[in-house]
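Peer 1: Got a structure for you, questions after.
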Amino acid sequence: MNWEHLKNNLQKFYTSKGLSDCFEEEEKYLRNSFYEMEELWNTQFDRIEKVNYVMFSESPLWGNQKKYLYNAETRLSQFFYKSDLEVVLGKKIKHKDEFLNILTDIGFIILDVSPFVLNEKDTSINYRRISPKDYKSLVDETLKFYVTPKLSRIKDKLGETPVFFFRYTRVQNLFSDLLSKELERLDLISSESEILEISQNGGGIHRGKFKKIINNSSINTNKEDTH
């Protein structure tokens with residue numbers, strides 16, 4: 001995936017906010033972060049035989065610690081705790097490596113709606129402070145360069161009864177219409193109402209909603225861990 005297409009859209013966004021100089025200073029961090037996360041995502045995706053669960057989320061915080069669920073060297077967070085998966089699957093998970101292996105086994109992939117690691121510590125623009133209109137516009141402009149190619153790859157690996165859902169309600173509220181159009185265009189869903197969500201007040205995963213998604217799937221999630 002080419003950073004240059006994405007870079008142009010982000011640079012225009014910075015410029016529209018009077019932050020051209022800031023973009024020049026921050027572009028190297030944004031570019032390097034993008035490629036490092038792409039490598040981690042691709043590694044995880046390539047290990048999956050069949051994709052059964054696609055969870056839409058935002059771009060991770062990343063930063064100096066490279067915080068990302070697919071980075072085995074960083075701790076899990078409220079975004080997705082090991083205990084969330086333990087409760088849903090009814091099995092004990094020893095460590096993050098095993099956690100990631102289990103996600104591979106059940107065909108679970110996370111797809112961020114934006115390729116940019118915009119956070120308060122490292123960039124002049126961050127997702128918490130830009131307006132919903134600007135946020136949606138930024139994602140809309142990069143969709144065909146980032147989300148759509150990933151959805152096309154996912155389509156080639158789909159299981160029989162794939163489930164698409166949002167990690168956060170705010171992401172669902174902002175981007176459900178954009179994503180549903182792409183999913184429908186690719187014949188991945190029939191209507192926007194098919195995209196579910198697993199958020200709860202306080203920021204954690206609603207384990208009841210998550211468990212229902214897993215239990216309603218025809219996928220056998222209790223197979224022996226072969227890793």
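Labels used: A, B, ... for chains in the order of the structure tokens, numbers from 1 for residues in each chain, and numbers from 1 for ligands as shown.
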How close does region 33-66 of chain A get to region 74-86 of chain A? List, as CSV, each residue of region 33-66 of chain A within 10 Å, its nearest atom pair and the distance in Å to one decimal, counting only C-alpha atoms.

Peer 2:
```
residue,atom,partner,partner_atom,distance
A:Ser57,CA,A:Phe79,CA,9.4
A:Pro60,CA,A:Phe79,CA,9.4
A:Trp62,CA,A:Thr74,CA,9.9
A:Gln65,CA,A:Thr74,CA,7.4
A:Lys66,CA,A:Thr74,CA,7.3
```

Peer 1: Within 8 Å of region 191-203 of chain A, which residues of region 157-178 of chain A show up? Give each one with its shortest atom-to-atom distance in Å (one decimal) and the two atoms involved, counting only C-alpha atoms, rows by chain then rising residue number, as CSV.

Peer 2:
```
residue,atom,partner,partner_atom,distance
A:Val163,CA,A:Ile195,CA,7.5
A:Phe164,CA,A:Ile195,CA,5.2
A:Phe165,CA,A:Leu196,CA,4.2
A:Phe166,CA,A:Glu197,CA,4.4
A:Arg167,CA,A:Ile198,CA,5.5
A:Tyr168,CA,A:Ser199,CA,5.0
A:Thr169,CA,A:Ser199,CA,6.0
A:Gln172,CA,A:Glu197,CA,7.4
A:Ser176,CA,A:Glu192,CA,7.0
A:Asp177,CA,A:Glu192,CA,7.0
```

Peer 1: For the residues in that selection, give me N, CA, C and O atoms as a PDB file, in the first residue's frame.

Peer 2:
```
ATOM      1  N   VAL A 163     -18.915 -11.968  10.067  1.00  0.00           N
ATOM      2  CA  VAL A 163     -19.618 -10.946  10.842  1.00  0.00           C
ATOM      3  C   VAL A 163     -18.778  -9.673  10.829  1.00  0.00           C
ATOM      4  O   VAL A 163     -17.575  -9.711  11.093  1.00  0.00           O
ATOM      5  N   PHE A 164     -19.426  -8.550  10.553  1.00  0.00           N
ATOM      6  CA  PHE A 164     -18.766  -7.250  10.568  1.00  0.00           C
ATOM      7  C   PHE A 164     -19.339  -6.436  11.727  1.00  0.00           C
ATOM      8  O   PHE A 164     -20.551  -6.361  11.897  1.00  0.00           O
ATOM      9  N   PHE A 165     -18.460  -5.823  12.519  1.00  0.00           N
ATOM     10  CA  PHE A 165     -18.948  -5.051  13.661  1.00  0.00           C
ATOM     11  C   PHE A 165     -17.954  -3.964  14.052  1.00  0.00           C
ATOM     12  O   PHE A 165     -16.766  -4.036  13.745  1.00  0.00           O
ATOM     13  N   PHE A 166     -18.482  -2.944  14.743  1.00  0.00           N
ATOM     14  CA  PHE A 166     -17.680  -1.820  15.196  1.00  0.00           C
ATOM     15  C   PHE A 166     -17.241  -2.023  16.635  1.00  0.00           C
ATOM     16  O   PHE A 166     -17.998  -2.522  17.464  1.00  0.00           O
ATOM     17  N   ARG A 167     -16.022  -1.581  16.922  1.00  0.00           N
ATOM     18  CA  ARG A 167     -15.539  -1.613  18.301  1.00  0.00           C
ATOM     19  C   ARG A 167     -16.183  -0.497  19.111  1.00  0.00           C
ATOM     20  O   ARG A 167     -16.485  -0.682  20.294  1.00  0.00           O
ATOM     21  N   TYR A 168     -16.368   0.671  18.505  1.00  0.00           N
ATOM     22  CA  TYR A 168     -16.891   1.824  19.232  1.00  0.00           C
ATOM     23  C   TYR A 168     -18.161   2.364  18.574  1.00  0.00           C
ATOM     24  O   TYR A 168     -18.252   2.437  17.341  1.00  0.00           O
ATOM     25  N   THR A 169     -19.101   2.798  19.409  1.00  0.00           N
ATOM     26  CA  THR A 169     -20.337   3.378  18.898  1.00  0.00           C
ATOM     27  C   THR A 169     -20.061   4.659  18.125  1.00  0.00           C
ATOM     28  O   THR A 169     -20.688   4.921  17.093  1.00  0.00           O
ATOM     29  N   GLN A 172     -19.051   3.845  14.730  1.00  0.00           N
ATOM     30  CA  GLN A 172     -20.231   3.394  13.999  1.00  0.00           C
ATOM     31  C   GLN A 172     -21.082   4.581  13.542  1.00  0.00           C
ATOM     32  O   GLN A 172     -21.508   4.654  12.385  1.00  0.00           O
ATOM     33  N   SER A 176     -20.561   4.393   9.619  1.00  0.00           N
ATOM     34  CA  SER A 176     -21.367   3.250   9.200  1.00  0.00           C
ATOM     35  C   SER A 176     -21.878   3.401   7.773  1.00  0.00           C
ATOM     36  O   SER A 176     -21.865   2.448   6.989  1.00  0.00           O
ATOM     37  N   ASP A 177     -22.304   4.601   7.415  1.00  0.00           N
ATOM     38  CA  ASP A 177     -22.833   4.799   6.060  1.00  0.00           C
ATOM     39  C   ASP A 177     -21.740   4.654   5.001  1.00  0.00           C
ATOM     40  O   ASP A 177     -21.943   4.010   3.962  1.00  0.00           O
TER      41      ASP A 177
END
```

Peer 1: Name all residues at most 12 Å from Asn101 (chain A) (count only C-alpha atoms; drop same-chain ones fewer than 4 positions away) and give them as a list in words.

Peer 2: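 The filter keeps Thr43, Gln44, Phe45, Arg47, Ile48, Tyr70, Ala72, Lys82, Leu85, Ile93, Lys94, His95, Lys96, Asp97, Asp105, Ile106, Gly107, Phe108, Ile109, Glu224, Asp225, Thr226 and His227 of chain A.
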
Peer 1: Pull C-alpha atoms from the residues just selected and write them as a PDB file, in the first residue's frame.

Peer 2:
```
ATOM      1  CA  THR A  43       1.674 -10.578   9.124  1.00  0.00           C
ATOM      2  CA  GLN A  44      -1.441 -11.203  11.211  1.00  0.00           C
ATOM      3  CA  PHE A  45      -3.733 -11.276   8.187  1.00  0.00           C
ATOM      4  CA  ARG A  47      -1.685 -16.193   9.054  1.00  0.00           C
ATOM      5  CA  ILE A  48      -5.487 -16.348   8.927  1.00  0.00           C
ATOM      6  CA  TYR A  70      -0.834  -6.538  16.645  1.00  0.00           C
ATOM      7  CA  ALA A  72       3.379  -8.493  20.365  1.00  0.00           C
ATOM      8  CA  LYS A  82      -7.150 -10.696  27.096  1.00  0.00           C
ATOM      9  CA  LEU A  85     -11.585 -12.973  24.862  1.00  0.00           C
ATOM     10  CA  ILE A  93      -5.248 -17.389  27.801  1.00  0.00           C
ATOM     11  CA  LYS A  94      -1.712 -17.253  29.173  1.00  0.00           C
ATOM     12  CA  HIS A  95      -0.135 -14.302  27.353  1.00  0.00           C
ATOM     13  CA  LYS A  96      -0.427 -11.920  24.408  1.00  0.00           C
ATOM     14  CA  ASP A  97       1.227 -14.280  21.932  1.00  0.00           C
ATOM     15  CA  ASP A 105      -7.374 -19.460  14.715  1.00  0.00           C
ATOM     16  CA  ILE A 106     -10.905 -18.080  14.872  1.00  0.00           C
ATOM     17  CA  GLY A 107     -10.374 -15.839  11.837  1.00  0.00           C
ATOM     18  CA  PHE A 108     -10.579 -12.493  13.618  1.00  0.00           C
ATOM     19  CA  ILE A 109      -9.127  -9.367  11.982  1.00  0.00           C
ATOM     20  CA  GLU A 224      -7.339 -27.016  20.058  1.00  0.00           C
ATOM     21  CA  ASP A 225      -4.702 -24.340  19.866  1.00  0.00           C
ATOM     22  CA  THR A 226      -2.111 -25.622  17.408  1.00  0.00           C
ATOM     23  CA  HIS A 227       0.490 -22.938  18.072  1.00  0.00           C
TER      24      HIS A 227
END
```

Peer 1: Taking the DSSP secondary structure from the backbone, can you list the residues of region 78-157 of chain A that are strand (DSSP E), as an MDAnalysis selection string?

Peer 2: chainID A and resid 108:112

Peer 1: Would you export the selected residues with C-alpha atoms as an mmCIF file, in the first residue's frame, please?

Peer 2:
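Output file part03.cif is given in full below:
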```cif
data_model
loop_
_atom_site.group_PDB
_atom_site.id
_atom_site.type_symbol
_atom_site.label_atom_id
_atom_site.label_comp_id
_atom_site.auth_asym_id
_atom_site.auth_seq_id
_atom_site.Cartn_x
_atom_site.Cartn_y
_atom_site.Cartn_z
ATOM 1 C CA PHE A 108 -10.579 -12.493 13.618
ATOM 2 C CA ILE A 109 -9.127 -9.367 11.982
ATOM 3 C CA ILE A 110 -9.218 -5.706 13.026
ATOM 4 C CA LEU A 111 -9.602 -3.082 10.315
ATOM 5 C CA ASP A 112 -8.910 0.542 11.233
#
```

Peer 1: Within 12 Å of Ser20 (chain A), counting only C-alpha atoms, which residues show up once you throw out same-chain ones fewer than 4 positions away? Write them as a count of residues only, please.

Peer 2: 14

Peer 1: Could you give me the residues within region 31-178 of chain A that DSSP places in helix (DSSP H, G or I), as a ChimeraX atom specification?

Peer 2: /A:31-47,82-89,96-106,132-142,147-155,169-178

Peer 1: Counting only C-alpha atoms, which of A:Leu40, A:Ile213, A:Leu138, A:Ile205 gets nearest to Tyr53 (chain A)?

Peer 2: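 Residue with the minimum atom-to-atom distance to Tyr53 (chain A): A:Ile213.
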